[in-house]
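In what follows, a structure is listed as structure tokens, so that the remarks can point back to it.
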Amino acid sequence: MDKIIKILAKYYPVFLKGLGGTMWLAGVTLLAGTVLGLLVAFLRMSKFKPLSGLTAIYIQILRGTPILLQLYFFWILLPKVLPFEMSDTACIIVALIINASAYIAEIVRAGIAAVDPGQWEAGRSIGLTEIHLMQKIIMPQAIKNILPALVNQFIACIKETSLASVFFIRELTTAYKTVQASTFLTIQPLLISGLIYLVVTTVLSFAAGRIEGRLKASD
Amino acid sequence: MIEPIIRVKDLYKNFGDVHVLKGISTDIAPGEVVSIIGPSGSGKSTFLRCLNRLEEPTSGQIFFKGEDIMKAGKKLPQYRQKIGMVFQNFNVFPHMTVLENITLTPVLEKGVPEKEAAAQAEALLARVGLLDKRDVYPRQLSGGQKQRLAIVRALAMEPDVMLFDEPTSALDPEMVKEVLTVIEDLAKEGMTILNVTHEMGFARQVSDRILFIDEGIIQEQGDPESFFSSPTSPRAKEFLSKVL
């Protein structure tokens, strides 16, 4: 305990920067992953079979292989195939985003599928175009299913970004490694990093619960 | 002879190996009130849902005012605007107020100015006794109120035909009448109505014609008096002996 306090006193900026890095990675991953995930979800739901088939394969590959393996893959591949320089951080972010897009696409798809089929029929029967039907009827209702799941995805992202420490990208688990290397203490910095993760994810879980409750209340 | 508002020719519908509609042909005259009755699973709802292509017919033709809806392509929503539909489960939009439910489509698809659409919606709401509910959300409405809302939502598009798919089947008994009254008023005003129903008394009272569908074909049709008092087909006789 003594050592924990001493480490904190001396190295708290490292942990704070690490937390900042983690939140930044997870935030960018979630934001860009949501944009890409929406696109993937709509392609997946396309009536054009080859397109929906390809996206199904895309989703299956990303959800069916370990994320660490995917990080390695993009970290090795991207610098080789791209004509411009790409930092390790950029490679890892791309990999995280692509990975998240598959999960978010499924969240979106499930959220839309959970909307009462009668809503589609009512919108169509009244003569709404498919785009207006999506915009005004289906998505506003699907959001209620999607939003809480997205917060949970954000929590998953926060934990998954710890894998970026393998590539020594600045985030919370890397902060542990940094402190460990300079103090030769292992358990204490590990506990500190772990505790910070726990606080952040607990707060977010609580927020997810609140959001869910509020959305349910408006049904 | 007047041109039929809806003409159905040789309508077939299969769900996989199940043949639900096996060749239905009929003409609906403007202003005609037609009740479609038959045992459950007979295909009467499927028939109705084919008319605005909520179900895609396997084969056959459907003409609306002489134009083949099967060839509507991108114009399908425009046809649907002229063919209102009311569902068993209301399907009102839960995330919009009563007024927004009604004004949404006129504003979006017909370019009616918001104020005009709101005024029209209020007139419609007043007509079905829901004006005091204009700003509430559907969850605060009873089943009967939701169904009346669903009816005026369709009417806001000024349809030429109204399709009712068992509009009172999901209602508590004490709410059936308030919905039937609205439909009856529409019939009196000259609206063309196709009504899939289990309310035999209502069918007999308001219809110009009864279509009795069983096993995917029209087994018998005629004016309500003769149909209900002296049905000719064995299937209709059997059905009526069970329900009356």
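Going by the structure tokens order, chains are called A, B, ..., each with residues numbered from 1, while ligands are numbered from 1 in the order shown.
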
Can you write out as a tab-separated table which residues of stretch 70-189 of chain B fall within 9 Å of stretch 49-61 of chain B, alongside each residue's closest atom pair and its distance in Å to one decimal, counting only C-alpha atoms and ordering rows by chain and ascending residue number?
```
residue	atom	partner	partner_atom	distance
B:Met70	CA	B:Gln61	CA	6.4
B:Leu76	CA	B:Asn52	CA	8.4
B:Tyr79	CA	B:Asn52	CA	7.7
B:Arg80	CA	B:Asn52	CA	6.0
B:Ile83	CA	B:Asn52	CA	6.9
B:Gly84	CA	B:Asn52	CA	8.8
B:Met85	CA	B:Asn52	CA	8.5
B:Leu163	CA	B:Arg49	CA	8.6
B:Asp165	CA	B:Arg49	CA	8.3
```

Chain A contacts to chain B at 9 Å (only C-alpha atoms) as a CSV table (one decimal) with all heavy atoms, in the first residue's frame:
```
chain,number,residue,atom,x,y,z
A,116,ASP,N,-40.5,-3.4,-34.4
A,116,ASP,CA,-41.7,-4.1,-34.7
A,116,ASP,C,-41.9,-4.1,-36.3
A,116,ASP,O,-41.9,-3.0,-36.9
A,116,ASP,CB,-42.9,-3.4,-34.0
A,116,ASP,CG,-44.2,-4.0,-34.4
A,116,ASP,OD1,-44.3,-5.0,-35.2
A,116,ASP,OD2,-45.3,-3.5,-34.0
A,118,GLY,N,-44.4,-4.3,-37.9
A,118,GLY,CA,-45.6,-3.5,-38.2
A,118,GLY,C,-45.3,-2.1,-38.5
A,118,GLY,O,-46.0,-1.4,-39.2
A,119,GLN,N,-44.2,-1.6,-38.0
A,119,GLN,CA,-43.8,-0.2,-38.2
A,119,GLN,C,-43.3,0.0,-39.7
A,119,GLN,O,-43.6,1.0,-40.3
A,119,GLN,CB,-42.6,0.2,-37.3
A,119,GLN,CG,-43.1,0.3,-35.8
A,119,GLN,CD,-44.0,1.4,-35.6
A,119,GLN,OE1,-43.8,2.5,-35.9
A,119,GLN,NE2,-45.2,1.1,-34.9
A,120,TRP,N,-42.6,-1.0,-40.2
A,120,TRP,CA,-42.2,-1.0,-41.6
A,120,TRP,C,-43.5,-1.0,-42.5
A,120,TRP,O,-43.6,-0.2,-43.4
A,120,TRP,CB,-41.4,-2.2,-42.0
A,120,TRP,CG,-40.0,-2.3,-41.3
A,120,TRP,CD1,-39.7,-2.8,-40.1
A,120,TRP,CD2,-38.8,-1.9,-41.9
A,120,TRP,NE1,-38.4,-2.8,-39.9
A,120,TRP,CE2,-37.8,-2.2,-41.0
A,120,TRP,CE3,-38.4,-1.3,-43.1
A,120,TRP,CZ2,-36.4,-1.9,-41.2
A,120,TRP,CZ3,-37.1,-1.1,-43.3
A,120,TRP,CH2,-36.1,-1.4,-42.4
A,121,GLU,N,-44.4,-1.9,-42.1
A,121,GLU,CA,-45.6,-2.1,-42.9
A,121,GLU,C,-46.4,-0.8,-42.9
A,121,GLU,O,-46.9,-0.4,-43.9
A,121,GLU,CB,-46.4,-3.3,-42.4
A,121,GLU,CG,-45.7,-4.6,-42.6
A,121,GLU,CD,-46.5,-5.8,-42.4
A,121,GLU,OE1,-47.6,-5.6,-41.7
A,121,GLU,OE2,-46.2,-6.9,-42.8
A,122,ALA,N,-46.6,-0.2,-41.7
A,122,ALA,CA,-47.4,1.0,-41.6
A,122,ALA,C,-46.7,2.1,-42.5
A,122,ALA,O,-47.4,2.8,-43.2
A,122,ALA,CB,-47.5,1.4,-40.2
A,123,GLY,N,-45.4,2.3,-42.3
A,123,GLY,CA,-44.7,3.3,-43.1
A,123,GLY,C,-44.8,3.1,-44.6
A,123,GLY,O,-45.1,4.1,-45.3
A,124,ARG,N,-44.7,1.9,-45.0
A,124,ARG,CA,-44.8,1.6,-46.4
A,124,ARG,C,-46.3,1.8,-46.9
A,124,ARG,O,-46.5,2.4,-48.0
A,124,ARG,CB,-44.4,0.1,-46.7
A,124,ARG,CG,-42.9,0.0,-46.7
A,124,ARG,CD,-42.5,-1.4,-47.2
A,124,ARG,NE,-41.0,-1.4,-47.1
A,124,ARG,CZ,-40.3,-2.4,-46.5
A,124,ARG,NH1,-40.9,-3.4,-46.0
A,124,ARG,NH2,-39.0,-2.4,-46.5
A,125,SER,N,-47.2,1.3,-46.1
A,125,SER,CA,-48.6,1.3,-46.6
A,125,SER,C,-49.1,2.8,-46.7
A,125,SER,O,-50.0,3.1,-47.5
A,125,SER,CB,-49.5,0.6,-45.6
A,125,SER,OG,-49.8,1.4,-44.4
A,126,ILE,N,-48.5,3.7,-46.0
A,126,ILE,CA,-48.9,5.1,-46.0
A,126,ILE,C,-48.2,5.8,-47.2
A,126,ILE,O,-48.5,6.9,-47.5
A,126,ILE,CB,-48.7,5.7,-44.7
A,126,ILE,CG1,-49.7,6.9,-44.5
A,126,ILE,CG2,-47.3,6.2,-44.5
A,126,ILE,CD1,-49.7,7.4,-43.1
A,127,GLY,N,-47.2,5.1,-47.8
A,127,GLY,CA,-46.6,5.7,-49.0
A,127,GLY,C,-45.3,6.4,-48.7
A,127,GLY,O,-44.9,7.3,-49.5
A,128,LEU,N,-44.6,6.1,-47.6
A,128,LEU,CA,-43.3,6.7,-47.3
A,128,LEU,C,-42.3,6.0,-48.3
A,128,LEU,O,-42.4,4.8,-48.5
A,128,LEU,CB,-42.9,6.5,-45.9
A,128,LEU,CG,-43.6,7.3,-44.8
A,128,LEU,CD1,-43.1,6.8,-43.4
A,128,LEU,CD2,-43.2,8.8,-45.0
A,129,THR,N,-41.4,6.8,-48.8
A,129,THR,CA,-40.3,6.2,-49.5
A,129,THR,C,-39.4,5.5,-48.5
A,129,THR,O,-39.4,5.8,-47.3
A,129,THR,CB,-39.4,7.3,-50.3
A,129,THR,OG1,-38.9,8.2,-49.3
A,129,THR,CG2,-40.3,8.1,-51.3
A,130,GLU,N,-38.6,4.5,-49.1
A,130,GLU,CA,-37.8,3.7,-48.2
A,130,GLU,C,-36.8,4.6,-47.3
A,130,GLU,O,-36.6,4.3,-46.2
A,130,GLU,CB,-37.0,2.7,-49.0
A,130,GLU,CG,-37.9,1.6,-49.6
A,130,GLU,CD,-38.5,0.7,-48.6
A,130,GLU,OE1,-37.8,0.1,-47.8
A,130,GLU,OE2,-39.8,0.5,-48.6
A,132,HIS,N,-37.2,7.8,-46.4
A,132,HIS,CA,-37.9,8.5,-45.3
A,132,HIS,C,-38.4,7.5,-44.2
A,132,HIS,O,-38.4,7.8,-43.0
A,132,HIS,CB,-39.2,9.2,-45.9
A,132,HIS,CG,-38.8,10.4,-46.6
A,132,HIS,ND1,-39.6,10.9,-47.7
A,132,HIS,CD2,-37.8,11.3,-46.5
A,132,HIS,CE1,-39.0,12.0,-48.2
A,132,HIS,NE2,-37.9,12.3,-47.5
A,136,LYS,N,-37.3,8.4,-40.5
A,136,LYS,CA,-38.3,9.0,-39.6
A,136,LYS,C,-39.0,8.0,-38.8
A,136,LYS,O,-39.5,8.3,-37.7
A,136,LYS,CB,-39.4,9.7,-40.5
A,136,LYS,CG,-38.9,10.8,-41.3
A,136,LYS,CD,-38.5,12.0,-40.5
A,136,LYS,CE,-37.9,13.1,-41.4
A,136,LYS,NZ,-37.6,14.3,-40.7
A,137,ILE,N,-39.0,6.7,-39.2
A,137,ILE,CA,-39.8,5.7,-38.5
A,137,ILE,C,-38.8,4.7,-37.8
A,137,ILE,O,-38.9,4.4,-36.6
A,137,ILE,CB,-40.8,5.0,-39.4
A,137,ILE,CG1,-41.6,6.0,-40.1
A,137,ILE,CG2,-41.6,4.0,-38.6
A,137,ILE,CD1,-42.5,6.8,-39.2
A,140,PRO,N,-35.2,6.1,-35.6
A,140,PRO,CA,-35.5,6.7,-34.3
A,140,PRO,C,-35.9,5.7,-33.3
A,140,PRO,O,-35.7,5.9,-32.1
A,140,PRO,CB,-36.7,7.7,-34.6
A,140,PRO,CG,-36.6,8.0,-36.0
A,140,PRO,CD,-36.0,6.8,-36.7
A,141,GLN,N,-36.5,4.6,-33.7
A,141,GLN,CA,-36.9,3.5,-32.8
A,141,GLN,C,-35.8,2.6,-32.5
A,141,GLN,O,-35.6,2.1,-31.4
A,141,GLN,CB,-38.2,2.8,-33.3
A,141,GLN,CG,-39.4,3.7,-33.4
A,141,GLN,CD,-40.6,2.9,-33.8
A,141,GLN,OE1,-41.1,2.1,-33.1
A,141,GLN,NE2,-41.1,3.3,-35.0
A,218,SER,N,-39.7,5.8,-22.1
A,218,SER,CA,-40.4,6.6,-23.1
A,218,SER,C,-41.2,5.7,-24.1
A,218,SER,O,-41.8,6.1,-25.0
A,218,SER,CB,-39.5,7.5,-23.9
A,218,SER,OG,-38.6,6.7,-24.7
A,219,ASP,N,-41.2,4.4,-23.8
A,219,ASP,CA,-41.9,3.5,-24.7
A,219,ASP,C,-43.4,3.5,-24.4
A,219,ASP,O,-43.8,3.6,-23.3
A,219,ASP,CB,-41.5,2.0,-24.6
A,219,ASP,CG,-40.3,1.7,-25.5
A,219,ASP,OD1,-40.2,2.5,-26.5
A,219,ASP,OD2,-39.5,0.8,-25.2
```

Which residues in stretch 1-174 of chain B does DSSP call helix (DSSP H, G or I)? List them as a PyMOL selection string.
chain B and resi 44-51+69-71+73-82+98-110+114-127+131-133+138-140+143-155+173-174

Show me, as a ChimeraX atom specification, the residues that have an atom within 12 Å of A:Ser162 when counting only C-alpha atoms, minus same-chain residues fewer than 5 positions from it.
/A:18-19,21-23,25-26,67-68,71,92,96,155-157,167-177,193-194,197

I need the residues from that last selection saved to file as a short mmCIF file (atom, residue, chain, number, x, y, z; two decimals), in the first residue's frame (with N, CA and C atoms), if you can.
```cif
data_model
loop_
_atom_site.label_atom_id
_atom_site.label_comp_id
_atom_site.auth_asym_id
_atom_site.auth_seq_id
_atom_site.Cartn_x
_atom_site.Cartn_y
_atom_site.Cartn_z
N GLY A 18 -1.61 7.92 -19.62
CA GLY A 18 -2.03 6.59 -20.10
C GLY A 18 -3.54 6.52 -20.22
N LEU A 19 -4.23 7.00 -19.17
CA LEU A 19 -5.70 7.00 -19.20
C LEU A 19 -6.19 7.84 -20.37
N GLY A 21 -4.63 8.42 -23.12
CA GLY A 21 -4.39 7.66 -24.35
C GLY A 21 -5.45 6.60 -24.56
N THR A 22 -5.79 5.89 -23.49
CA THR A 22 -6.81 4.85 -23.58
C THR A 22 -8.15 5.43 -24.00
N MET A 23 -8.55 6.54 -23.34
CA MET A 23 -9.85 7.13 -23.65
C MET A 23 -9.87 7.65 -25.09
N LEU A 25 -7.99 6.55 -27.66
CA LEU A 25 -8.05 5.39 -28.56
C LEU A 25 -9.47 4.83 -28.62
N ALA A 26 -10.06 4.63 -27.44
CA ALA A 26 -11.39 4.02 -27.39
C ALA A 26 -12.42 4.96 -28.01
N ILE A 67 -8.60 -10.38 -31.68
CA ILE A 67 -8.30 -8.99 -32.01
C ILE A 67 -6.79 -8.74 -32.00
N LEU A 68 -6.06 -9.43 -31.13
CA LEU A 68 -4.61 -9.22 -31.09
C LEU A 68 -3.97 -9.60 -32.43
N LEU A 71 -4.58 -6.89 -34.84
CA LEU A 71 -3.67 -5.75 -34.62
C LEU A 71 -2.33 -6.01 -35.29
N ILE A 92 -2.54 0.79 -35.53
CA ILE A 92 -3.34 0.15 -34.49
C ILE A 92 -4.75 0.74 -34.44
N LEU A 96 -8.19 -1.22 -34.80
CA LEU A 96 -9.24 -1.17 -33.77
C LEU A 96 -10.57 -0.74 -34.37
N ILE A 155 -17.24 0.32 -23.60
CA ILE A 155 -16.56 -0.33 -22.48
C ILE A 155 -15.63 -1.43 -23.00
N ALA A 156 -16.13 -2.21 -23.95
CA ALA A 156 -15.31 -3.26 -24.53
C ALA A 156 -14.09 -2.66 -25.22
N CYS A 157 -14.30 -1.54 -25.94
CA CYS A 157 -13.20 -0.85 -26.63
C CYS A 157 -12.13 -0.43 -25.63
N PHE A 167 2.26 -2.92 -28.70
CA PHE A 167 3.00 -2.12 -29.69
C PHE A 167 3.53 -0.82 -29.07
N PHE A 168 3.50 -0.79 -27.77
CA PHE A 168 3.99 0.33 -26.99
C PHE A 168 3.37 1.67 -27.37
N ILE A 169 2.06 1.62 -27.60
CA ILE A 169 1.34 2.86 -27.88
C ILE A 169 0.85 3.42 -26.56
N ARG A 170 0.92 4.72 -26.41
CA ARG A 170 0.63 5.29 -25.10
C ARG A 170 -0.82 5.07 -24.70
N GLU A 171 -1.01 4.26 -23.70
CA GLU A 171 -2.32 4.07 -23.08
C GLU A 171 -2.09 3.47 -21.71
N LEU A 172 -3.14 3.07 -21.04
CA LEU A 172 -3.05 2.76 -19.63
C LEU A 172 -2.20 1.53 -19.31
N THR A 173 -2.28 0.53 -20.14
CA THR A 173 -1.48 -0.67 -19.87
C THR A 173 0.00 -0.41 -20.19
N THR A 174 0.22 0.43 -21.19
CA THR A 174 1.59 0.85 -21.48
C THR A 174 2.15 1.67 -20.31
N ALA A 175 1.29 2.45 -19.68
CA ALA A 175 1.69 3.23 -18.51
C ALA A 175 2.20 2.30 -17.42
N TYR A 176 1.50 1.20 -17.25
CA TYR A 176 1.95 0.20 -16.27
C TYR A 176 3.35 -0.28 -16.64
N LYS A 177 3.54 -0.59 -17.91
CA LYS A 177 4.84 -1.12 -18.36
C LYS A 177 5.95 -0.09 -18.12
N SER A 193 -3.20 0.58 -12.57
CA SER A 193 -3.82 0.58 -13.91
C SER A 193 -5.17 -0.13 -13.88
N GLY A 194 -5.16 -1.29 -13.26
CA GLY A 194 -6.40 -2.08 -13.20
C GLY A 194 -7.52 -1.32 -12.54
N TYR A 197 -8.97 1.31 -14.84
CA TYR A 197 -9.89 0.69 -15.80
C TYR A 197 -11.24 0.43 -15.14
#
```

Might you pull out every residue within 9 Å of stretch 170-187 of chain B, with only C-alpha atoms counted and same-chain residues fewer than 4 positions away left off, and present them as a PyMOL selection string?
chain B and resi 31-33+88-90+127-128+142-145+147-148+151+166+191-193+202+206-207

Mind checking which residues fall within 9 Å of stretch 194-201 of chain B, counting only C-alpha atoms, ignoring those fewer than 4 positions away in the same chain, and posting them as a PyMOL selection string?
chain B and resi 28+32-39+44-45+48+161-169+205-207+228+243-244

Expressed in Å to a single decimal, how great is the separation between atom CA of B:Phe239 and atom CA of B:Leu11?
23.2 Å

Could you check which of B:Thr46, B:Arg204, B:Asp132, B:Phe64 is closest to B:Phe15, using only C-alpha atoms?
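Of B:Thr46, B:Arg204, B:Asp132, B:Phe64, the one nearest B:Phe15, counting only C-alpha atoms, is B:Thr46.
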